[in-house]
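Worksheet: one structure, shown below.
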Amino acid sequence: MGMRFFNTTGPCEPRKHYMLPPLPRVPALRQAIEREHYFVLHAPRQSGKTTFLRALAAALTAEGRYAAVALSVEVGVPFPEDLGSAEGAILDAWRDRAHKAL
């Protein structure tokens, strides 16, 4: 494997990229999850949202109490006028991600 580097183009992976641990960045979120509350993660582009959600899903699943999968619905964007195709693309992506993550 090559040397780690600073990634500014997509989700970070600790074994590949220099990064701060993502989970301590939003400490109150665990309590919201335990209380079964909804939450919104809102932040600028390239600030670590996807990296954070992937780490959170992995941590929750590893604990054994939840089966969590982080997924982007951006795969539906190419189908703005065809909701069935957008839905199919999103569900296929969800199925694939769940298969790989769980």
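How things are named: the first chain in the structure tokens is A, the next is B, and so on; residues count from 1 in each chain; ligands count from 1 in the order shown.
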Within 8 Å of stretch 95-101 of chain A: each stretch 20-89 of chain A residue with its shortest pair, only C-alpha atoms, as a tab-separated table:
residue	atom	partner	partner_atom	distance
A:Ala58	CA	A:Ala101	CA	7.8
A:Val69	CA	A:Ala98	CA	5.9
A:Ala70	CA	A:Arg97	CA	7.8
A:Leu71	CA	A:Arg97	CA	7.0
Which of chain A counts as helix (DSSP H, G or I) under DSSP, as a PyMOL selection string please?
-> chain A and resi 23-25+29-34+49-63+74-76+83-101
One decimal place gives the atom CA of A:Glu34-atom CA of A:Leu53 separation as 16.0 Å
May I ask for the distance between atom CA of A:Tyr38 and atom CA of A:Val73, given in Å to one decimal place?
->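 Separation between atom CA of A:Tyr38 and atom CA of A:Val73: 17.6 Å.
Among the candidate residues A:Glu74, A:Leu56, A:Glu81, A:Ala67, the one lying nearest to A:Arg30 is A:Leu56, with distances computed using only C-alpha atoms.
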Could you pull the residues within 9 Å of stretch 4-12 of chain A, counting only C-alpha atoms, minus those fewer than 2 positions along the same chain, as a ChimeraX atom specification?
-> /A:1-2,14-19,46-52,54
Please produce a file of those selected residues containing all heavy atoms, as a short mmCIF file (atom, residue, chain, number, x, y, z; two decimals), in the first residue's frame.
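Writing done, so here's out_20.cif:
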data_model
loop_
_atom_site.label_atom_id
_atom_site.label_comp_id
_atom_site.auth_asym_id
_atom_site.auth_seq_id
_atom_site.Cartn_x
_atom_site.Cartn_y
_atom_site.Cartn_z
N MET A 1 0.85 -1.19 0.00
CA MET A 1 0.00 0.00 0.00
C MET A 1 0.88 1.24 0.00
O MET A 1 1.93 1.28 0.62
CB MET A 1 -0.91 -0.02 1.23
CG MET A 1 -1.86 1.15 1.25
SD MET A 1 -3.11 1.05 2.54
CE MET A 1 -2.21 1.67 3.93
N GLY A 2 0.43 2.28 -0.68
CA GLY A 2 1.18 3.51 -0.75
C GLY A 2 1.11 4.30 0.54
O GLY A 2 0.46 3.91 1.50
N PRO A 14 -9.21 5.77 7.10
CA PRO A 14 -8.05 5.95 7.98
C PRO A 14 -6.77 5.26 7.50
O PRO A 14 -5.69 5.78 7.69
CB PRO A 14 -8.50 5.36 9.31
CG PRO A 14 -9.98 5.40 9.26
CD PRO A 14 -10.37 5.25 7.81
N ARG A 15 -6.89 4.11 6.86
CA ARG A 15 -5.67 3.41 6.42
C ARG A 15 -5.05 4.06 5.20
O ARG A 15 -3.89 3.83 4.91
CB ARG A 15 -5.96 1.94 6.16
CG ARG A 15 -6.95 1.68 5.08
CD ARG A 15 -7.24 0.17 4.93
NE ARG A 15 -8.28 -0.08 3.99
CZ ARG A 15 -8.14 -0.05 2.67
NH1 ARG A 15 -6.96 0.19 2.14
NH2 ARG A 15 -9.16 -0.27 1.87
N LYS A 16 -5.80 4.90 4.48
CA LYS A 16 -5.29 5.55 3.28
C LYS A 16 -5.01 7.04 3.47
O LYS A 16 -4.16 7.60 2.78
CB LYS A 16 -6.31 5.45 2.14
CG LYS A 16 -6.49 4.11 1.54
CD LYS A 16 -7.52 4.27 0.41
CE LYS A 16 -7.69 3.07 -0.41
NZ LYS A 16 -8.69 3.29 -1.47
N HIS A 17 -5.78 7.69 4.35
CA HIS A 17 -5.74 9.15 4.42
C HIS A 17 -5.41 9.65 5.82
O HIS A 17 -5.77 9.04 6.81
CB HIS A 17 -7.10 9.72 4.01
CG HIS A 17 -7.57 9.22 2.69
ND1 HIS A 17 -8.72 8.47 2.54
CD2 HIS A 17 -7.03 9.33 1.45
CE1 HIS A 17 -8.88 8.15 1.26
NE2 HIS A 17 -7.87 8.66 0.58
N TYR A 18 -4.76 10.79 5.86
CA TYR A 18 -4.59 11.50 7.13
C TYR A 18 -5.94 12.09 7.49
O TYR A 18 -6.59 12.72 6.67
CB TYR A 18 -3.58 12.64 6.99
CG TYR A 18 -2.16 12.17 6.75
CD1 TYR A 18 -1.53 12.43 5.54
CD2 TYR A 18 -1.46 11.49 7.74
CE1 TYR A 18 -0.23 12.01 5.31
CE2 TYR A 18 -0.16 11.07 7.52
CZ TYR A 18 0.45 11.33 6.31
OH TYR A 18 1.73 10.91 6.10
N MET A 19 -6.35 11.88 8.73
CA MET A 19 -7.65 12.42 9.15
C MET A 19 -7.77 12.35 10.66
O MET A 19 -7.10 11.55 11.32
CB MET A 19 -8.79 11.62 8.51
CG MET A 19 -8.76 10.13 8.82
SD MET A 19 -10.05 9.19 8.00
CE MET A 19 -11.43 9.49 9.06
N GLN A 46 -17.35 18.61 1.34
CA GLN A 46 -16.00 18.15 1.69
C GLN A 46 -15.60 18.41 3.14
O GLN A 46 -14.44 18.64 3.45
CB GLN A 46 -14.96 18.78 0.74
CG GLN A 46 -15.19 18.50 -0.72
CD GLN A 46 -15.17 17.01 -1.03
OE1 GLN A 46 -14.33 16.28 -0.52
NE2 GLN A 46 -16.09 16.56 -1.85
N SER A 47 -16.59 18.38 4.04
CA SER A 47 -16.26 18.61 5.45
C SER A 47 -16.28 17.33 6.27
O SER A 47 -16.07 17.38 7.48
CB SER A 47 -17.22 19.65 6.05
OG SER A 47 -18.55 19.19 5.96
N GLY A 48 -16.58 16.19 5.63
CA GLY A 48 -16.50 14.91 6.33
C GLY A 48 -17.82 14.25 6.65
O GLY A 48 -17.87 13.31 7.45
N LYS A 49 -18.92 14.68 6.05
CA LYS A 49 -20.23 14.10 6.36
C LYS A 49 -20.29 12.61 6.01
O LYS A 49 -20.69 11.79 6.83
CB LYS A 49 -21.34 14.85 5.61
CG LYS A 49 -21.49 16.31 6.00
CD LYS A 49 -22.59 16.98 5.21
CE LYS A 49 -22.37 17.00 3.72
NZ LYS A 49 -21.25 17.82 3.25
N THR A 50 -19.89 12.27 4.80
CA THR A 50 -19.94 10.87 4.37
C THR A 50 -18.97 10.02 5.18
O THR A 50 -19.30 8.92 5.62
CB THR A 50 -19.65 10.75 2.87
OG1 THR A 50 -20.63 11.51 2.16
CG2 THR A 50 -19.69 9.31 2.40
N THR A 51 -17.78 10.54 5.40
CA THR A 51 -16.79 9.82 6.21
C THR A 51 -17.35 9.57 7.60
O THR A 51 -17.24 8.46 8.13
CB THR A 51 -15.48 10.62 6.28
OG1 THR A 51 -14.95 10.77 4.96
CG2 THR A 51 -14.45 9.95 7.18
N PHE A 52 -17.97 10.58 8.18
CA PHE A 52 -18.56 10.46 9.52
C PHE A 52 -19.66 9.39 9.53
O PHE A 52 -19.69 8.51 10.39
CB PHE A 52 -19.12 11.79 10.00
CG PHE A 52 -19.88 11.67 11.29
CD1 PHE A 52 -19.20 11.64 12.49
CD2 PHE A 52 -21.25 11.54 11.29
CE1 PHE A 52 -19.89 11.48 13.69
CE2 PHE A 52 -21.95 11.39 12.48
CZ PHE A 52 -21.27 11.36 13.69
N ARG A 54 -20.25 6.91 7.49
CA ARG A 54 -19.72 5.55 7.28
C ARG A 54 -19.08 5.03 8.55
O ARG A 54 -19.25 3.86 8.91
CB ARG A 54 -18.73 5.54 6.13
CG ARG A 54 -19.40 5.66 4.79
CD ARG A 54 -18.40 5.59 3.67
NE ARG A 54 -19.06 5.65 2.38
CZ ARG A 54 -18.42 5.62 1.22
NH1 ARG A 54 -17.10 5.55 1.20
NH2 ARG A 54 -19.08 5.67 0.10
#
How far is it from atom CA of A:Glu63 to atom CA of A:Ile33, in Å with one decimal?
->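 About the pair atom CA of A:Glu63 and atom CA of A:Ile33: they are 13.4 Å apart.
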